[in-house]
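S.K.: Dropping in structure.csv, which is CSV, C-alpha atoms:
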```csv
chain,number,residue,atom,x,y,z
A,1,MET,CA,-9.8,32.0,43.9
A,2,GLY,CA,-6.5,30.9,42.5
A,3,GLN,CA,-7.8,30.8,38.9
A,4,SER,CA,-9.3,34.2,39.3
A,5,LEU,CA,-5.8,35.5,40.2
A,6,GLY,CA,-4.2,33.5,37.3
A,7,CYS,CA,-2.7,30.7,39.5
A,8,ILE,CA,-3.5,27.0,39.3
A,9,GLN,CA,-2.4,23.9,41.1
A,10,VAL,CA,-1.6,20.6,39.3
A,11,ASP,CA,-1.7,17.6,41.6
A,12,GLN,CA,0.8,14.8,41.8
A,13,SER,CA,0.5,12.0,39.1
A,14,ARG,CA,-1.4,14.4,36.9
A,15,VAL,CA,-0.4,16.8,34.1
A,16,ALA,CA,-2.4,19.8,32.8
A,17,VAL,CA,-2.7,21.1,29.2
A,18,LYS,CA,-2.4,24.9,28.7
A,19,GLU,CA,-3.9,26.7,25.8
A,20,HIS,CA,-3.3,30.2,24.4
A,21,PHE,CA,-6.4,31.6,22.7
A,22,GLY,CA,-7.6,28.0,22.0
A,23,LYS,CA,-4.3,26.8,20.7
A,24,TYR,CA,-2.1,24.2,22.5
A,25,SER,CA,0.6,25.9,24.4
A,26,ALA,CA,2.3,23.6,26.9
A,27,VAL,CA,2.0,20.7,29.4
A,28,LEU,CA,2.1,21.8,33.0
A,29,GLU,CA,3.8,19.4,35.5
A,30,PRO,CA,2.6,18.9,39.0
A,31,GLY,CA,2.9,22.1,41.1
A,32,CYS,CA,1.7,25.7,41.1
A,33,HIS,CA,1.6,27.6,37.8
A,34,CYS,CA,0.7,31.1,36.7
A,35,LEU,CA,-2.0,31.2,34.1
A,36,PRO,CA,-2.9,34.8,33.3
A,37,TRP,CA,-6.3,34.4,31.8
A,38,TRP,CA,-6.4,38.1,30.7
A,39,PHE,CA,-3.6,37.4,28.3
A,40,GLY,CA,-5.6,34.5,26.6
A,41,TYR,CA,-4.2,31.6,28.6
A,42,ARG,CA,-6.5,29.0,30.0
A,43,LEU,CA,-6.5,25.5,31.4
A,44,ALA,CA,-7.8,23.1,28.7
A,45,GLY,CA,-7.9,20.1,31.0
A,46,GLU,CA,-6.0,17.6,33.1
A,47,LEU,CA,-4.7,14.1,32.4
A,48,SER,CA,-3.8,11.3,34.8
A,49,VAL,CA,-0.4,9.6,34.3
A,50,ARG,CA,-1.3,6.8,36.7
A,51,VAL,CA,-1.6,3.2,35.5
A,52,GLN,CA,-5.2,2.5,34.8
A,53,GLN,CA,-7.0,-0.8,34.2
A,54,LEU,CA,-9.7,-1.7,31.7
A,55,ASP,CA,-11.5,-5.0,31.8
A,56,VAL,CA,-12.8,-6.0,28.4
A,57,ARG,CA,-15.3,-8.8,27.8
A,58,CYS,CA,-15.3,-10.2,24.3
A,59,GLU,CA,-17.6,-12.9,23.1
A,60,THR,CA,-16.3,-15.1,20.3
A,61,LYS,CA,-16.2,-18.8,19.3
A,62,THR,CA,-13.4,-21.4,19.1
A,63,LYS,CA,-12.3,-23.6,16.2
A,64,ASP,CA,-14.6,-26.4,17.4
A,65,ASN,CA,-17.6,-24.0,17.4
A,66,VAL,CA,-17.9,-23.4,21.2
A,67,PHE,CA,-19.0,-19.9,22.1
A,68,VAL,CA,-16.8,-18.4,24.9
A,69,THR,CA,-16.5,-15.0,26.6
A,70,VAL,CA,-12.8,-13.9,26.9
A,71,VAL,CA,-12.1,-11.5,29.7
A,72,ALA,CA,-9.0,-9.4,29.1
A,73,SER,CA,-7.5,-7.0,31.6
A,74,ILE,CA,-5.6,-4.1,30.0
A,75,GLN,CA,-3.2,-1.9,32.2
A,76,TYR,CA,-2.2,1.3,30.5
A,77,ARG,CA,-1.1,4.9,31.2
A,78,ALA,CA,-0.7,8.2,29.5
A,79,LEU,CA,2.9,9.3,28.9
A,80,ALA,CA,3.8,12.7,30.4
A,81,GLU,CA,6.1,13.5,27.5
A,82,LYS,CA,3.2,12.8,25.0
A,83,ALA,CA,0.5,14.3,27.1
A,84,ALA,CA,-0.6,16.5,24.2
A,85,ASP,CA,-1.2,13.5,21.9
A,86,ALA,CA,-3.0,11.7,24.6
A,87,PHE,CA,-5.3,14.7,25.3
A,88,TYR,CA,-6.1,15.8,21.8
A,89,LYS,CA,-5.9,12.7,19.5
A,90,LEU,CA,-8.4,10.5,21.3
A,91,SER,CA,-11.8,11.4,22.5
A,92,ASN,CA,-12.6,8.0,23.9
A,93,THR,CA,-9.5,6.1,25.0
A,94,LYS,CA,-11.3,3.2,26.6
A,95,GLY,CA,-13.5,2.7,23.5
A,96,GLN,CA,-10.4,2.7,21.3
A,97,ILE,CA,-8.6,0.1,23.4
A,98,GLN,CA,-11.7,-2.0,23.6
A,99,ALA,CA,-12.0,-2.0,19.8
A,100,TYR,CA,-8.4,-3.2,19.3
A,101,VAL,CA,-8.9,-6.0,21.9
A,102,PHE,CA,-12.0,-7.2,20.2
A,103,ASP,CA,-10.2,-7.3,16.9
A,104,VAL,CA,-7.2,-9.3,18.1
A,105,ILE,CA,-9.2,-11.8,20.2
A,106,ARG,CA,-11.7,-12.4,17.5
A,107,ALA,CA,-8.9,-13.1,15.1
A,108,SER,CA,-6.9,-15.4,17.4
A,109,VAL,CA,-9.4,-17.5,19.4
A,110,PRO,CA,-11.3,-18.9,16.3
A,111,LYS,CA,-8.0,-20.6,15.3
A,112,LEU,CA,-7.9,-22.6,18.5
A,113,ASP,CA,-10.1,-25.3,19.9
A,114,LEU,CA,-11.5,-24.9,23.4
A,115,ASP,CA,-8.7,-26.8,25.2
A,116,SER,CA,-6.0,-25.0,23.3
A,117,ALA,CA,-7.6,-21.7,24.1
A,118,PHE,CA,-7.3,-22.4,27.8
A,119,GLU,CA,-3.7,-23.7,27.4
A,120,GLN,CA,-2.6,-20.7,25.2
A,121,LYS,CA,-4.0,-17.8,27.2
A,122,ASN,CA,-0.5,-16.2,27.5
A,123,LYS,CA,-0.1,-16.4,23.7
A,124,ILE,CA,-3.4,-14.6,23.2
A,125,ALA,CA,-2.5,-12.0,25.8
A,126,LYS,CA,0.9,-11.4,24.1
A,127,ALA,CA,-0.8,-10.9,20.7
A,128,VAL,CA,-3.3,-8.4,22.2
A,129,GLU,CA,-0.4,-6.5,24.0
A,130,GLU,CA,1.7,-6.2,20.8
A,131,GLU,CA,-1.2,-4.9,18.8
A,132,LEU,CA,-2.2,-2.4,21.4
A,133,GLU,CA,1.3,-1.2,22.0
A,134,LYS,CA,1.8,-0.6,18.3
A,135,ALA,CA,-1.5,1.3,17.9
A,136,MET,CA,-1.7,3.2,21.2
A,137,SER,CA,1.9,4.5,21.2
A,138,ALA,CA,0.9,6.9,18.4
A,139,TYR,CA,-1.7,8.4,20.7
A,140,GLY,CA,0.6,8.9,23.6
A,141,PHE,CA,-0.3,5.9,25.7
A,142,GLU,CA,1.8,3.0,27.0
A,143,ILE,CA,0.5,-0.5,27.5
A,144,VAL,CA,1.9,-1.7,30.8
A,145,GLN,CA,0.5,-5.2,30.9
A,146,THR,CA,-2.2,-7.3,29.2
A,147,LEU,CA,-3.7,-10.3,30.9
A,148,ILE,CA,-6.3,-12.9,29.8
A,149,VAL,CA,-7.9,-13.4,33.2
A,150,ASP,CA,-10.7,-15.7,32.2
A,151,ILE,CA,-12.2,-17.7,29.4
A,152,GLU,CA,-15.9,-18.5,30.1
A,153,PRO,CA,-17.6,-21.1,27.8
A,154,ASP,CA,-21.4,-20.9,27.4
A,155,ASN,CA,-23.3,-22.2,30.4
A,156,HIS,CA,-24.7,-25.2,28.4
A,157,VAL,CA,-21.1,-26.1,27.4
A,158,LYS,CA,-19.9,-25.9,30.9
A,159,ARG,CA,-22.7,-28.0,32.2
A,160,ALA,CA,-22.0,-30.6,29.5
A,161,MET,CA,-18.3,-30.6,30.3
A,162,ASN,CA,-19.0,-31.1,34.0
A,163,GLU,CA,-21.4,-34.0,33.2
A,164,ILE,CA,-18.7,-35.6,31.0
A,165,ASN,CA,-16.1,-35.2,33.7
A,166,ALA,CA,-18.4,-36.6,36.3
A,167,ALA,CA,-19.4,-39.5,34.1
A,168,ALA,CA,-15.7,-40.2,33.4
A,169,ALA,CA,-14.9,-40.1,37.1
A,170,ARG,CA,-17.7,-42.5,37.9
A,171,MET,CA,-16.6,-44.9,35.1
A,172,ARG,CA,-13.0,-44.8,36.5
A,173,VAL,CA,-14.3,-45.7,39.9
A,174,ALA,CA,-16.5,-48.5,38.5
A,175,ALA,CA,-13.6,-49.8,36.4
A,176,ASN,CA,-11.3,-49.9,39.5
A,177,GLU,CA,-14.0,-51.6,41.6
A,178,LYS,CA,-14.6,-54.2,38.8
A,179,ALA,CA,-10.9,-54.8,38.4
A,180,GLU,CA,-10.5,-55.3,42.1
A,181,ALA,CA,-13.4,-57.7,42.2
A,182,GLU,CA,-12.0,-59.7,39.3
A,183,LYS,CA,-8.6,-59.8,41.0
A,184,ILE,CA,-10.1,-61.1,44.3
A,185,LEU,CA,-12.2,-63.7,42.3
A,186,GLN,CA,-9.1,-64.9,40.4
A,187,ILE,CA,-7.1,-65.2,43.6
A,188,LYS,CA,-9.9,-67.1,45.3
A,189,ARG,CA,-10.3,-69.4,42.3
A,190,ALA,CA,-6.5,-70.0,42.2
A,191,GLU,CA,-6.5,-70.8,45.9
A,192,GLY,CA,-9.4,-73.2,45.5
A,193,GLU,CA,-7.8,-74.9,42.5
A,194,ALA,CA,-4.5,-75.3,44.5
A,195,GLU,CA,-6.3,-76.7,47.5
A,196,SER,CA,-8.3,-79.0,45.2
A,197,LYS,CA,-5.2,-80.3,43.5
A,198,TYR,CA,-3.5,-80.8,46.9
A,199,LEU,CA,-6.4,-82.8,48.2
A,200,SER,CA,-6.7,-84.8,45.0
A,201,GLY,CA,-3.0,-85.6,45.1
A,202,LEU,CA,-3.3,-86.6,48.8
A,203,GLY,CA,-6.2,-88.9,47.9
A,204,ILE,CA,-4.4,-90.5,45.1
A,205,ALA,CA,-1.3,-91.0,47.3
A,206,ARG,CA,-3.4,-92.6,50.0
A,207,GLN,CA,-5.2,-94.8,47.4
A,208,ARG,CA,-1.9,-96.1,46.0
A,209,GLN,CA,-0.6,-96.6,49.5
A,210,ALA,CA,-3.7,-98.7,50.3
A,211,ILE,CA,-3.3,-100.8,47.2
A,212,VAL,CA,0.4,-101.5,48.0
A,213,ASP,CA,-0.4,-102.4,51.6
A,214,GLY,CA,-3.3,-104.7,50.4
A,215,LEU,CA,-1.1,-106.4,47.9
A,216,ARG,CA,1.6,-106.9,50.4
A,217,ASP,CA,-0.8,-108.4,53.0
A,218,SER,CA,-2.3,-110.7,50.3
A,219,VAL,CA,1.0,-112.0,49.2
A,220,LEU,CA,2.2,-112.7,52.7
A,221,ALA,CA,-1.0,-114.4,53.6
A,222,PHE,CA,-1.0,-116.6,50.5
A,223,SER,CA,2.7,-117.5,51.0
A,224,GLU,CA,2.0,-118.7,54.5
A,225,SER,CA,-1.1,-120.7,53.5
A,226,VAL,CA,0.3,-122.5,50.5
A,227,ILE,CA,3.6,-124.2,51.2
A,228,GLY,CA,6.3,-124.0,48.6
A,229,THR,CA,5.1,-120.8,46.9
A,230,THR,CA,7.2,-117.6,47.0
A,231,ALA,CA,6.2,-114.0,47.1
A,232,LYS,CA,7.1,-113.6,43.4
A,233,ASP,CA,4.8,-116.4,42.4
A,234,VAL,CA,1.9,-115.0,44.3
A,235,MET,CA,2.6,-111.5,42.8
A,236,ASP,CA,2.6,-112.8,39.3
A,237,MET,CA,-0.7,-114.6,39.8
A,238,VAL,CA,-2.3,-111.5,41.3
A,239,LEU,CA,-1.1,-109.3,38.4
A,240,VAL,CA,-2.2,-111.8,35.8
A,241,THR,CA,-5.6,-111.9,37.4
A,242,GLN,CA,-5.9,-108.1,37.4
A,243,TYR,CA,-4.8,-108.1,33.8
A,244,PHE,CA,-7.6,-110.4,32.7
A,245,ASP,CA,-10.1,-108.4,34.8
A,246,THR,CA,-9.0,-105.3,33.0
A,247,MET,CA,-9.4,-107.0,29.6
A,248,LYS,CA,-12.9,-108.1,30.6
A,249,GLU,CA,-14.0,-104.6,31.6
A,250,ILE,CA,-12.7,-103.2,28.3
A,251,GLY,CA,-14.5,-105.8,26.3
A,252,ALA,CA,-17.8,-105.3,28.2
A,253,THR,CA,-17.9,-101.5,27.8
A,254,SER,CA,-20.7,-100.1,25.6
A,255,LYS,CA,-18.6,-97.2,24.2
A,256,SER,CA,-17.4,-97.4,20.6
A,257,SER,CA,-13.8,-96.4,21.3
A,258,ALA,CA,-11.2,-99.2,20.8
A,259,VAL,CA,-8.1,-99.9,22.9
A,260,PHE,CA,-5.3,-102.0,21.3
A,261,ILE,CA,-3.2,-103.9,23.8
A,262,PRO,CA,-0.5,-106.4,22.8
A,263,HIS,CA,-1.8,-109.8,24.0
A,264,GLY,CA,-0.1,-113.2,24.3
A,265,PRO,CA,1.7,-115.4,26.9
A,266,GLY,CA,4.9,-113.5,26.5
A,267,THR,CA,3.2,-110.2,26.6
A,268,VAL,CA,1.4,-111.1,29.9
A,269,LYS,CA,4.7,-111.9,31.4
A,270,ASP,CA,6.2,-108.6,30.3
A,271,ILE,CA,3.3,-106.6,31.7
A,272,ALA,CA,3.5,-108.5,35.0
A,273,SER,CA,7.2,-107.7,35.2
A,274,GLN,CA,6.6,-104.0,34.5
A,275,ILE,CA,3.8,-103.7,37.1
A,276,ARG,CA,5.9,-105.5,39.7
A,277,GLU,CA,8.9,-103.3,39.1
A,278,GLY,CA,6.7,-100.2,39.4
A,279,LEU,CA,5.2,-101.3,42.6
A,280,LEU,CA,8.6,-102.2,44.1
A,281,GLN,CA,10.1,-98.9,43.1
A,282,ALA,CA,7.1,-97.1,44.7
A,283,ASP,CA,7.5,-99.1,47.9
A,284,SER,CA,11.3,-98.4,48.0
A,285,VAL,CA,10.7,-94.6,47.6
A,286,ARG,CA,8.1,-94.7,50.4
A,287,HIS,CA,10.5,-96.4,52.8
```
Render the structure in this file as structure tokens.
M.R.:
Amino acid sequence: MGQSLGCIQVDQSRVAVKEHFGKYSAVLEPGCHCLPWWFGYRLAGELSVRVQQLDVRCETKTKDNVFVTVVASIQYRALAEKAADAFYKLSNTKGQIQAYVFDVIRASVPKLDLDSAFEQKNKIAKAVEEELEKAMSAYGFEIVQTLIVDIEPDNHVKRAMNEINAAAARMRVAANEKAEAEKILQIKRAEGEAESKYLSGLGIARQRQAIVDGLRDSVLAFSESVIGTTAKDVMDMVLVTQYFDTMKEIGATSKSSAVFIPHGPGTVKDIASQIREGLLQADSVRH
């Protein structure tokens, strides 16, 4: 009814393009406008100046030959002051934006390997935004924001990556368990060795103590039985006897190794003195 009377209404966040006999005349702002059709004026169309979003899916491959699908989200809007350019210069705005996005992504992603592509999403988005801003400003559009919302590798690649990560996780757990087991084994081995050395030392100490006690008892018994002998005489006789027993065992062994011991009357006396002094020192330390 309004148009038949030459009046039109332009809603908020929209602009209308007015033509006069098919030629662009003016851009109508939101509100009510008089459009006398009988004088050749007509409404060519309307254009939204709201921010719109376009999701673009682009398939490409990375530097390491992994096929990925890059999902870019483009937020754009038509500029009211350039509404004539936005209305007349482009017949397919979304198709034009999509073409530029494809061009930039397929030029950027193949320079990066898969891990770098995930790490440099912002860099890719910045390159897309700069190219779109430069191209679309000539058509009356403003690029508000460009986001790379997802990078999806091929399903086979994702499955392989998940298997690799799972295997690595299992190997880490197995390595930790193995290291813990080896740690416990080494601790137990060290504890066993320490206990063995302690018991061995205790046995040697008791053996030496028994030897010293036996010698002492023998010396005292011999001194009491044979009148005129001293403890030193008995000790020398015992040591010389043990010395000759040792020489006998060395000579009777079947092994080919040789042991060279200085031998002679004076040497026997020196050996007896050394053994006696050692035993006396051990006995003094014990007491």
S.K.: Could you tell me how far atom CA of A:Leu47 sits from atom CA of A:Asp11, in Å to one decimal place?
M.R.: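 Calculated distance between atom CA of A:Asp11 and atom CA of A:Leu47 is 10.3 Å.
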S.K.: What would the list of residues within 12 Å of (-3.4, -3.0, 19.5) (file frame) look like as a short mmCIF file (atom, residue, chain, number, x, y, z; two decimals) with C-alpha atoms, keeping the file's coordinate frame, if all atoms listed in the file are what count?
M.R.:
```
data_model
loop_
_atom_site.label_atom_id
_atom_site.label_comp_id
_atom_site.auth_asym_id
_atom_site.auth_seq_id
_atom_site.Cartn_x
_atom_site.Cartn_y
_atom_site.Cartn_z
CA ILE A 74 -5.60 -4.10 30.00
CA TYR A 76 -2.20 1.30 30.50
CA GLN A 96 -10.40 2.70 21.30
CA ILE A 97 -8.60 0.10 23.40
CA GLN A 98 -11.70 -2.00 23.60
CA ALA A 99 -12.00 -2.00 19.80
CA TYR A 100 -8.40 -3.20 19.30
CA VAL A 101 -8.90 -6.00 21.90
CA PHE A 102 -12.00 -7.20 20.20
CA ASP A 103 -10.20 -7.30 16.90
CA VAL A 104 -7.20 -9.30 18.10
CA ILE A 105 -9.20 -11.80 20.20
CA ALA A 125 -2.50 -12.00 25.80
CA LYS A 126 0.90 -11.40 24.10
CA ALA A 127 -0.80 -10.90 20.70
CA VAL A 128 -3.30 -8.40 22.20
CA GLU A 129 -0.40 -6.50 24.00
CA GLU A 130 1.70 -6.20 20.80
CA GLU A 131 -1.20 -4.90 18.80
CA LEU A 132 -2.20 -2.40 21.40
CA GLU A 133 1.30 -1.20 22.00
CA LYS A 134 1.80 -0.60 18.30
CA ALA A 135 -1.50 1.30 17.90
CA MET A 136 -1.70 3.20 21.20
CA SER A 137 1.90 4.50 21.20
CA ALA A 138 0.90 6.90 18.40
CA TYR A 139 -1.70 8.40 20.70
CA PHE A 141 -0.30 5.90 25.70
CA GLU A 142 1.80 3.00 27.00
CA ILE A 143 0.50 -0.50 27.50
CA THR A 146 -2.20 -7.30 29.20
#
```
S.K.: Report the distance between atom CA of A:Asp55 and atom CA of A:Ala72 in Å, rounded to one decimal place.
M.R.: 5.7 Å
S.K.: Between A:Ala84, A:Val10, A:Val144, A:Val68, which has the minimum distance to A:Leu112 (counting all atoms listed in the file)?
M.R.: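 Using all atoms listed in the file, the shortest distance to A:Leu112 belongs to A:Val68.
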S.K.: Take atom CA of A:Val49 and atom CA of A:Pro36 and report the distance between them in Å, one decimal.
M.R.: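 Here the two named atoms are 25.3 Å from each other.
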